[in-house]
Amino acid sequence: MDDFNNNNNFPENKDEQSYGANLMPQSGGSQPQNSIDPQYDYSQYQYSYDSTAAPKKSKGWIVPAAIAGVIVVGAAGALLLPSVRNNIKLAFTSPEEYYAEAERKTAEKAVEDLWKLYLIGEEQQKEAASPTAGVKKTDITITPGNHFYESLFPDNTEIKDIFKSVGISAEAATGTDLASALCSFKLNDMTVASAEVIGDLDNTEAYVRLVESSSDKYYKYTASESGVDGGEAPDVSVLFNGETVTKEKIDAISARYTDLYLSAVTAAEWNKKSVCTVENVSCPAVEINISFTETEYLALIEKIAEQAKTDEDIISIVEAMGGRREDYVSEIDEFLSDMNLEASDEVFADMTVFINADGDIIGRTFRDNISGSASEYTFSTAVNNGAFASQLKLATSEGESAEVLLKGSYANGSASGYCDGILRTLEDEASSSEKYKTTSCRIGFENVKYDFLDSRLYGGKYTFTSPELEEIEAAMELDGDMDNGSCNIAVTYEGENYINVNAVYTSTDEVRSISLPSADKCSDNTSDIISDDYIEILMDNICKAAGVSEDRLSEIIFEVSASDDSWEPTYDEEEYDYGDYDDNDYDSESPYLPKMGDYESITLPSVDLSNAVYTANGKEITIPCKGLALPDKFVRTETPLEAHTGDYFINNDYTVMIYIENEKNSTYNADVCQCKYFSVLEGGEASLDLRVNGIGIGSPQGNIEAALGTPSDVFDFNTDAVYYYYYDKSSLTIIELITDGHEVYSIGVSSNIKYMD
């Protein structure tokens, strides 16, 4: 059974498992870690001899010959076992020799894997070079869930019946120098618009025709005309001509530089009974420790660079791709001249390597110390009884790190587990009380069948989650292979279905000829491509797919746009008299409120609000307030609040906004926080009835001054919007009320603003 990387190194794949099973006793205790493997420990077997028993008659030469035969066959079989051969090497080689053999084996396997990838690329290159290619079809459908409509269009329930799904379909084919695609855009499974695209790969030109347009012309687009110029790109296709790259050449290059590196390893230390552990998965291993001084490290780099300068195998590949030998050599010389490290006998870098019982390197940690800034690179893999764990990690001496951790189990031809990505970075001390910020995500996988080297993936379910995304989860299910199959992505939010994306793709044997349009059919003027009736045709198709009239569709679009919370009052600046007010006294983001910190010199007349009574949901509160009972259904806490920091919290329909500031050295808690700013807007379920002296949402405009007295100022924009401001300089409190000319539809209280300076 092969593993998902085609390594064939899981226990159930090893011949020695069945071989050893015949030697194992039928029962026995557990073995301590790093002890002799029971299958090779014969001390457990006992025999008895009865001297009184009558001897059996047999020819004397038969028994010794049979025993000798068994010994020879058994010894030969045992020597074939990798673990037995490995034990012999451990007994009769030095740590340097043992490590060198493992490193050469690793290099040889890497070349084998690389060559498999090369053969795949060669095959794909041949397919791309054929005069015509089979057609590949893809259909993608996006279907929103009820939660999607409710969160984005809470006031319009008709939209989910009109826009049930959207999608795109594509039929694509690639020839020697040309490619073509027919793309269709769908609404509720009906095609509403289509476009034909033809690409001239050699000249980086594209031709686009709108199928529904009554014009039959193509819009010609040239990449160079748009300022996109990739320069002279290397000709990668020459790598697959069967001559530039050969297996023998790659083997020779690998062996040459592996030997150069190993010649620099003059001393190594080992622990023959170590363990390689990754995320609680452990397997016995030989631990090798190697170190390089600055002198040794520089000598190795120089030796490799000098070898590369005259390496004809590498130079031939460079020249085949359009490079010049002189430029190649010049770049290496420049690299050597830029190496300014002062050589010394101090340890510059060290490495720890773990080698398993088969002589394979399964773990490697490399540490360097360049200019006093240490870095550590780790890659380890542990496999034990079908369980596996791999870790790739980069860490710095400053405490920053990036890590990928893969853990799971493999059985019955498929793998299940998870992959974590973790990034730890230093925070700006001026903007955060935390020294480090950690960002992470997890991709869980179930029943995945994946053969990377043969480009075959499939079967399996993947789930994506991240603490930073809180209530969002994405799950992807795959079926089929790379040529024919399906992919379904389901996104949930707060546990409810939010949106689904489904893709179905096939590769057919259909052959499609591709040709460029004639010159008279091409234009770089979009007016020649889009006919006068094109928009009308599109609207008609959309209305048919949505099942509504054009007038009703326009009304729905207007209703959705009109419900946007970004509404601002409009007025004629020339007609409005600003009096003595200075624009600089007002915040650019909110032109009707003074800037934070400028209240000492504010021009609004101060009023006395000391006797004002503030209530929230019928309960009297003090401004600024502590420990306000905030309903969970509308307060959203992104992250805990640290001491003397604050944040805005809003309800789902954005009708309530509250600024809360933490007072003490503790994380967010309603008992130790002050609410600095309330703002309640009309619409939806506000979940908070804020009132000042009984005035709140829905109060008649005529009752405002009767309840609160003469305002500090009134802004009447003559657009059915009247702003009332009450400012108390002694308590640094501002009350803002907005009416539509009849009743209050917005109320806000800013309190103790001086505290925020």
# chains A, B, ... in the order shown; residues from 1 in each chain; ligands from 1
>>> closest_atom_pairs(of="stretch 525-544 of chain A", to="stretch 207-225 of chain A", cutoff="9 Å", atoms="only C-alpha atoms", output="tab-separated table")
residue	atom	partner	partner_atom	distance
A:Asn525	CA	A:Tyr219	CA	7.1
A:Thr526	CA	A:Tyr219	CA	6.7
A:Asp528	CA	A:Lys217	CA	6.9
A:Ile529	CA	A:Lys217	CA	5.7
A:Ile530	CA	A:Ser213	CA	6.1
A:Ser531	CA	A:Ser213	CA	5.6
A:Asp532	CA	A:Ser214	CA	8.5
A:Asp533	CA	A:Ser213	CA	7.4
A:Tyr534	CA	A:Ser213	CA	5.2
A:Ile535	CA	A:Ser213	CA	8.7
A:Ile537	CA	A:Glu212	CA	7.3
A:Leu538	CA	A:Glu212	CA	7.9
>>> write_last_selection(atoms="C-alpha atoms", output="CSV table (one decimal), in the first residue's frame")
chain,number,residue,atom,x,y,z
A,525,ASN,CA,-13.1,50.4,-30.4
A,526,THR,CA,-15.6,49.0,-27.9
A,528,ASP,CA,-18.0,48.4,-32.6
A,529,ILE,CA,-18.3,45.4,-30.3
A,530,ILE,CA,-21.3,46.4,-28.2
A,531,SER,CA,-24.4,47.0,-30.4
A,532,ASP,CA,-27.0,49.5,-29.5
A,533,ASP,CA,-29.5,46.9,-28.5
A,534,TYR,CA,-27.0,44.8,-26.4
A,535,ILE,CA,-28.0,46.3,-23.0
A,537,ILE,CA,-31.0,42.2,-24.7
A,538,LEU,CA,-29.2,41.6,-21.5
>>> select_by_dssp(residues="stretch 112-264 of chain A", states="strand (DSSP E)", output="MDAnalysis selection string")
chainID A and resid 134:144 166:174 178:187 190:200 205:210 218:222
>>> residues_around(residues="A:Ser440", least_positions_apart="4", cutoff="8 Å", atoms="only C-alpha atoms", output="VMD selection string")
chain A and resid 420 to 423 466 to 468
>>> write_last_selection(atoms="N, CA and C atoms", output="PDB file, in the first residue's frame")
ATOM      1  N   ASP A 420      -2.266  22.467  10.228  1.00  0.00           N
ATOM      2  CA  ASP A 420      -2.342  23.774  10.888  1.00  0.00           C
ATOM      3  C   ASP A 420      -1.282  24.714  10.322  1.00  0.00           C
ATOM      4  N   GLY A 421      -1.670  25.938  10.071  1.00  0.00           N
ATOM      5  CA  GLY A 421      -0.722  26.987   9.720  1.00  0.00           C
ATOM      6  C   GLY A 421      -0.696  28.013  10.833  1.00  0.00           C
ATOM      7  N   ILE A 422       0.483  28.312  11.364  1.00  0.00           N
ATOM      8  CA  ILE A 422       0.594  29.208  12.524  1.00  0.00           C
ATOM      9  C   ILE A 422       1.667  30.247  12.238  1.00  0.00           C
ATOM     10  N   LEU A 423       1.311  31.513  12.362  1.00  0.00           N
ATOM     11  CA  LEU A 423       2.251  32.612  12.139  1.00  0.00           C
ATOM     12  C   LEU A 423       2.315  33.461  13.395  1.00  0.00           C
ATOM     13  N   SER A 466     -10.612  29.222  11.131  1.00  0.00           N
ATOM     14  CA  SER A 466      -9.581  30.117  11.656  1.00  0.00           C
ATOM     15  C   SER A 466     -10.170  30.921  12.808  1.00  0.00           C
ATOM     16  N   PRO A 467      -9.418  31.065  13.919  1.00  0.00           N
ATOM     17  CA  PRO A 467      -9.910  31.899  15.023  1.00  0.00           C
ATOM     18  C   PRO A 467     -10.170  33.331  14.592  1.00  0.00           C
ATOM     19  N   GLU A 468      -9.403  33.811  13.616  1.00  0.00           N
ATOM     20  CA  GLU A 468      -9.583  35.192  13.156  1.00  0.00           C
ATOM     21  C   GLU A 468     -10.900  35.376  12.416  1.00  0.00           C
TER      22      GLU A 468
END
>>> residues_around(residues="stretch 348-363 of chain A", least_positions_apart="6", cutoff="7 Å", atoms="only C-alpha atoms", output="PyMOL selection string")
chain A and resi 82-83+86+102+106+276+284-294+369+379-382
>>> write_last_selection(atoms="N, CA and C atoms", output="PDB file, in the first residue's frame")
ATOM      1  N   PRO A  82      15.772  -4.125   5.530  1.00  0.00           N
ATOM      2  CA  PRO A  82      16.451  -2.836   5.707  1.00  0.00           C
ATOM      3  C   PRO A  82      16.891  -2.598   7.140  1.00  0.00           C
ATOM      4  N   SER A  83      16.052  -2.969   8.104  1.00  0.00           N
ATOM      5  CA  SER A  83      16.393  -2.704   9.497  1.00  0.00           C
ATOM      6  C   SER A  83      17.597  -3.524   9.948  1.00  0.00           C
ATOM      7  N   ASN A  86      20.596  -1.994   8.458  1.00  0.00           N
ATOM      8  CA  ASN A  86      20.870  -0.752   9.167  1.00  0.00           C
ATOM      9  C   ASN A  86      21.614  -1.015  10.476  1.00  0.00           C
ATOM     10  N   ALA A 102      23.151   7.966   4.407  1.00  0.00           N
ATOM     11  CA  ALA A 102      21.755   8.410   4.505  1.00  0.00           C
ATOM     12  C   ALA A 102      21.518   9.652   3.646  1.00  0.00           C
ATOM     13  N   THR A 106      18.956  10.033   0.490  1.00  0.00           N
ATOM     14  CA  THR A 106      17.941  11.082   0.428  1.00  0.00           C
ATOM     15  C   THR A 106      18.034  11.845  -0.885  1.00  0.00           C
ATOM     16  N   CYS A 276      12.605  10.327  17.182  1.00  0.00           N
ATOM     17  CA  CYS A 276      12.096  11.500  16.460  1.00  0.00           C
ATOM     18  C   CYS A 276      10.617  11.643  16.780  1.00  0.00           C
ATOM     19  N   PRO A 284      11.565   5.349  16.598  1.00  0.00           N
ATOM     20  CA  PRO A 284      12.990   5.248  16.919  1.00  0.00           C
ATOM     21  C   PRO A 284      13.836   5.803  15.775  1.00  0.00           C
ATOM     22  N   ALA A 285      14.937   6.448  16.105  1.00  0.00           N
ATOM     23  CA  ALA A 285      15.796   7.037  15.086  1.00  0.00           C
ATOM     24  C   ALA A 285      17.204   7.190  15.629  1.00  0.00           C
ATOM     25  N   VAL A 286      18.162   7.275  14.708  1.00  0.00           N
ATOM     26  CA  VAL A 286      19.532   7.614  15.050  1.00  0.00           C
ATOM     27  C   VAL A 286      19.682   9.121  14.897  1.00  0.00           C
ATOM     28  N   GLU A 287      20.186   9.777  15.916  1.00  0.00           N
ATOM     29  CA  GLU A 287      20.347  11.227  15.897  1.00  0.00           C
ATOM     30  C   GLU A 287      21.797  11.576  15.557  1.00  0.00           C
ATOM     31  N   ILE A 288      21.972  12.403  14.529  1.00  0.00           N
ATOM     32  CA  ILE A 288      23.296  12.843  14.099  1.00  0.00           C
ATOM     33  C   ILE A 288      23.399  14.344  14.319  1.00  0.00           C
ATOM     34  N   ASN A 289      24.491  14.798  14.923  1.00  0.00           N
ATOM     35  CA  ASN A 289      24.721  16.226  15.149  1.00  0.00           C
ATOM     36  C   ASN A 289      25.994  16.656  14.431  1.00  0.00           C
ATOM     37  N   ILE A 290      25.863  17.723  13.634  1.00  0.00           N
ATOM     38  CA  ILE A 290      26.965  18.233  12.822  1.00  0.00           C
ATOM     39  C   ILE A 290      27.040  19.734  13.028  1.00  0.00           C
ATOM     40  N   SER A 291      28.245  20.286  13.022  1.00  0.00           N
ATOM     41  CA  SER A 291      28.399  21.734  13.137  1.00  0.00           C
ATOM     42  C   SER A 291      29.462  22.208  12.159  1.00  0.00           C
ATOM     43  N   PHE A 292      29.329  23.493  11.762  1.00  0.00           N
ATOM     44  CA  PHE A 292      30.281  24.125  10.859  1.00  0.00           C
ATOM     45  C   PHE A 292      30.774  25.422  11.484  1.00  0.00           C
ATOM     46  N   THR A 293      32.068  25.625  11.414  1.00  0.00           N
ATOM     47  CA  THR A 293      32.590  26.938  11.794  1.00  0.00           C
ATOM     48  C   THR A 293      32.414  27.883  10.614  1.00  0.00           C
ATOM     49  N   GLU A 294      32.616  29.175  10.852  1.00  0.00           N
ATOM     50  CA  GLU A 294      32.515  30.141   9.765  1.00  0.00           C
ATOM     51  C   GLU A 294      33.507  29.804   8.654  1.00  0.00           C
ATOM     52  N   ASN A 369      23.625  31.469  12.674  1.00  0.00           N
ATOM     53  CA  ASN A 369      23.764  32.669  13.482  1.00  0.00           C
ATOM     54  C   ASN A 369      24.498  33.719  12.650  1.00  0.00           C
ATOM     55  N   PHE A 379      12.449  20.542   9.689  1.00  0.00           N
ATOM     56  CA  PHE A 379      11.501  19.704   8.957  1.00  0.00           C
ATOM     57  C   PHE A 379      11.624  18.290   9.501  1.00  0.00           C
ATOM     58  N   SER A 380      10.523  17.742   9.999  1.00  0.00           N
ATOM     59  CA  SER A 380      10.545  16.412  10.591  1.00  0.00           C
ATOM     60  C   SER A 380       9.277  15.663  10.214  1.00  0.00           C
ATOM     61  N   THR A 381       9.420  14.353  10.082  1.00  0.00           N
ATOM     62  CA  THR A 381       8.276  13.488   9.811  1.00  0.00           C
ATOM     63  C   THR A 381       8.407  12.238  10.664  1.00  0.00           C
ATOM     64  N   ALA A 382       7.346  11.896  11.370  1.00  0.00           N
ATOM     65  CA  ALA A 382       7.329  10.674  12.181  1.00  0.00           C
ATOM     66  C   ALA A 382       6.158   9.810  11.732  1.00  0.00           C
TER      67      ALA A 382
END
>>> atom_distance(atom1="atom CA of A:Ser237", atom2="atom CA of A:Glu112")
20.9 Å
>>> atom_distance(atom1="atom CA of A:Gly399", atom2="atom CA of A:Arg424")
7.8 Å
>>> closest_residue(among="A:Ile250, A:Asp647, A:Tyr328, A:Glu400", to="A:Asp113", atoms="only C-alpha atoms")
A:Ile250
>>> residues_around(residues="A:Tyr723", least_positions_apart="6", cutoff="9 Å", atoms="only C-alpha atoms", output="ChimeraX atom specification")
/A:592,713-717,736-739
>>> write_last_selection(atoms="N, CA and C atoms", output="compact mmCIF listing (two decimals), in the first residue's frame")
# COMPACT_ATOMS: atom_id res chain seq x y z
N TYR A 592 -20.53 67.32 11.63
CA TYR A 592 -21.44 68.00 12.55
C TYR A 592 -21.00 67.87 13.99
N ASP A 713 -27.34 74.50 19.73
CA ASP A 713 -27.47 74.94 18.35
C ASP A 713 -28.44 74.02 17.64
N VAL A 714 -28.99 74.53 16.54
CA VAL A 714 -29.89 73.77 15.69
C VAL A 714 -29.43 73.93 14.25
N PHE A 715 -29.29 72.81 13.53
CA PHE A 715 -28.95 72.84 12.11
C PHE A 715 -30.17 72.37 11.34
N ASP A 716 -30.73 73.27 10.55
CA ASP A 716 -31.89 72.92 9.73
C ASP A 716 -31.46 72.97 8.27
N PHE A 717 -31.38 71.80 7.63
CA PHE A 717 -30.87 71.74 6.26
C PHE A 717 -31.96 71.88 5.21
N GLU A 736 -27.04 64.60 20.68
CA GLU A 736 -27.38 64.89 19.28
C GLU A 736 -28.69 64.20 18.96
N LEU A 737 -29.67 64.98 18.48
CA LEU A 737 -30.95 64.43 18.06
C LEU A 737 -31.19 64.84 16.61
N ILE A 738 -31.64 63.90 15.78
CA ILE A 738 -31.95 64.19 14.38
C ILE A 738 -33.40 63.84 14.14
N THR A 739 -34.11 64.77 13.52
CA THR A 739 -35.52 64.53 13.21
C THR A 739 -35.71 64.63 11.70
>>> residues_around(residues="A:Gly694", least_positions_apart="4", cutoff="12 Å", atoms="only C-alpha atoms", output="list in words")
Ala612, Val613, Tyr614, Thr615, Ala616, Asn617, Gly618, Lys619, Glu620, Asp689, Leu690, Gly698, Ser699, Pro700, Asn703, Ile704, Glu705, Ala706, Ala707, Leu708, Val744 and Ile747 of chain A
>>> select_by_dssp(residues="stretch 250-382 of chain A", states="helix (DSSP H, G or I)", output="JSON, numbers by chain")
{"A": [250, 251, 252, 253, 254, 255, 256, 257, 258, 259, 260, 261, 262, 263, 294, 295, 296, 297, 298, 299, 300, 301, 302, 303, 304, 305, 306, 307, 308, 309, 312, 313, 314, 315, 316, 317, 318, 319, 320, 325, 326, 327, 328, 329, 330, 331, 332, 333, 334, 335, 336, 337]}
>>> residues_around(residues="A:Tyr118", least_positions_apart="3", cutoff="12 Å", atoms="only C-alpha atoms", output="ChimeraX atom specification")
/A:111-115,121-125,236-237,239-242,245-247,250,453-455
>>> atom_distance(atom1="atom CA of A:Tyr745", atom2="atom CA of A:Ser606")
24.1 Å
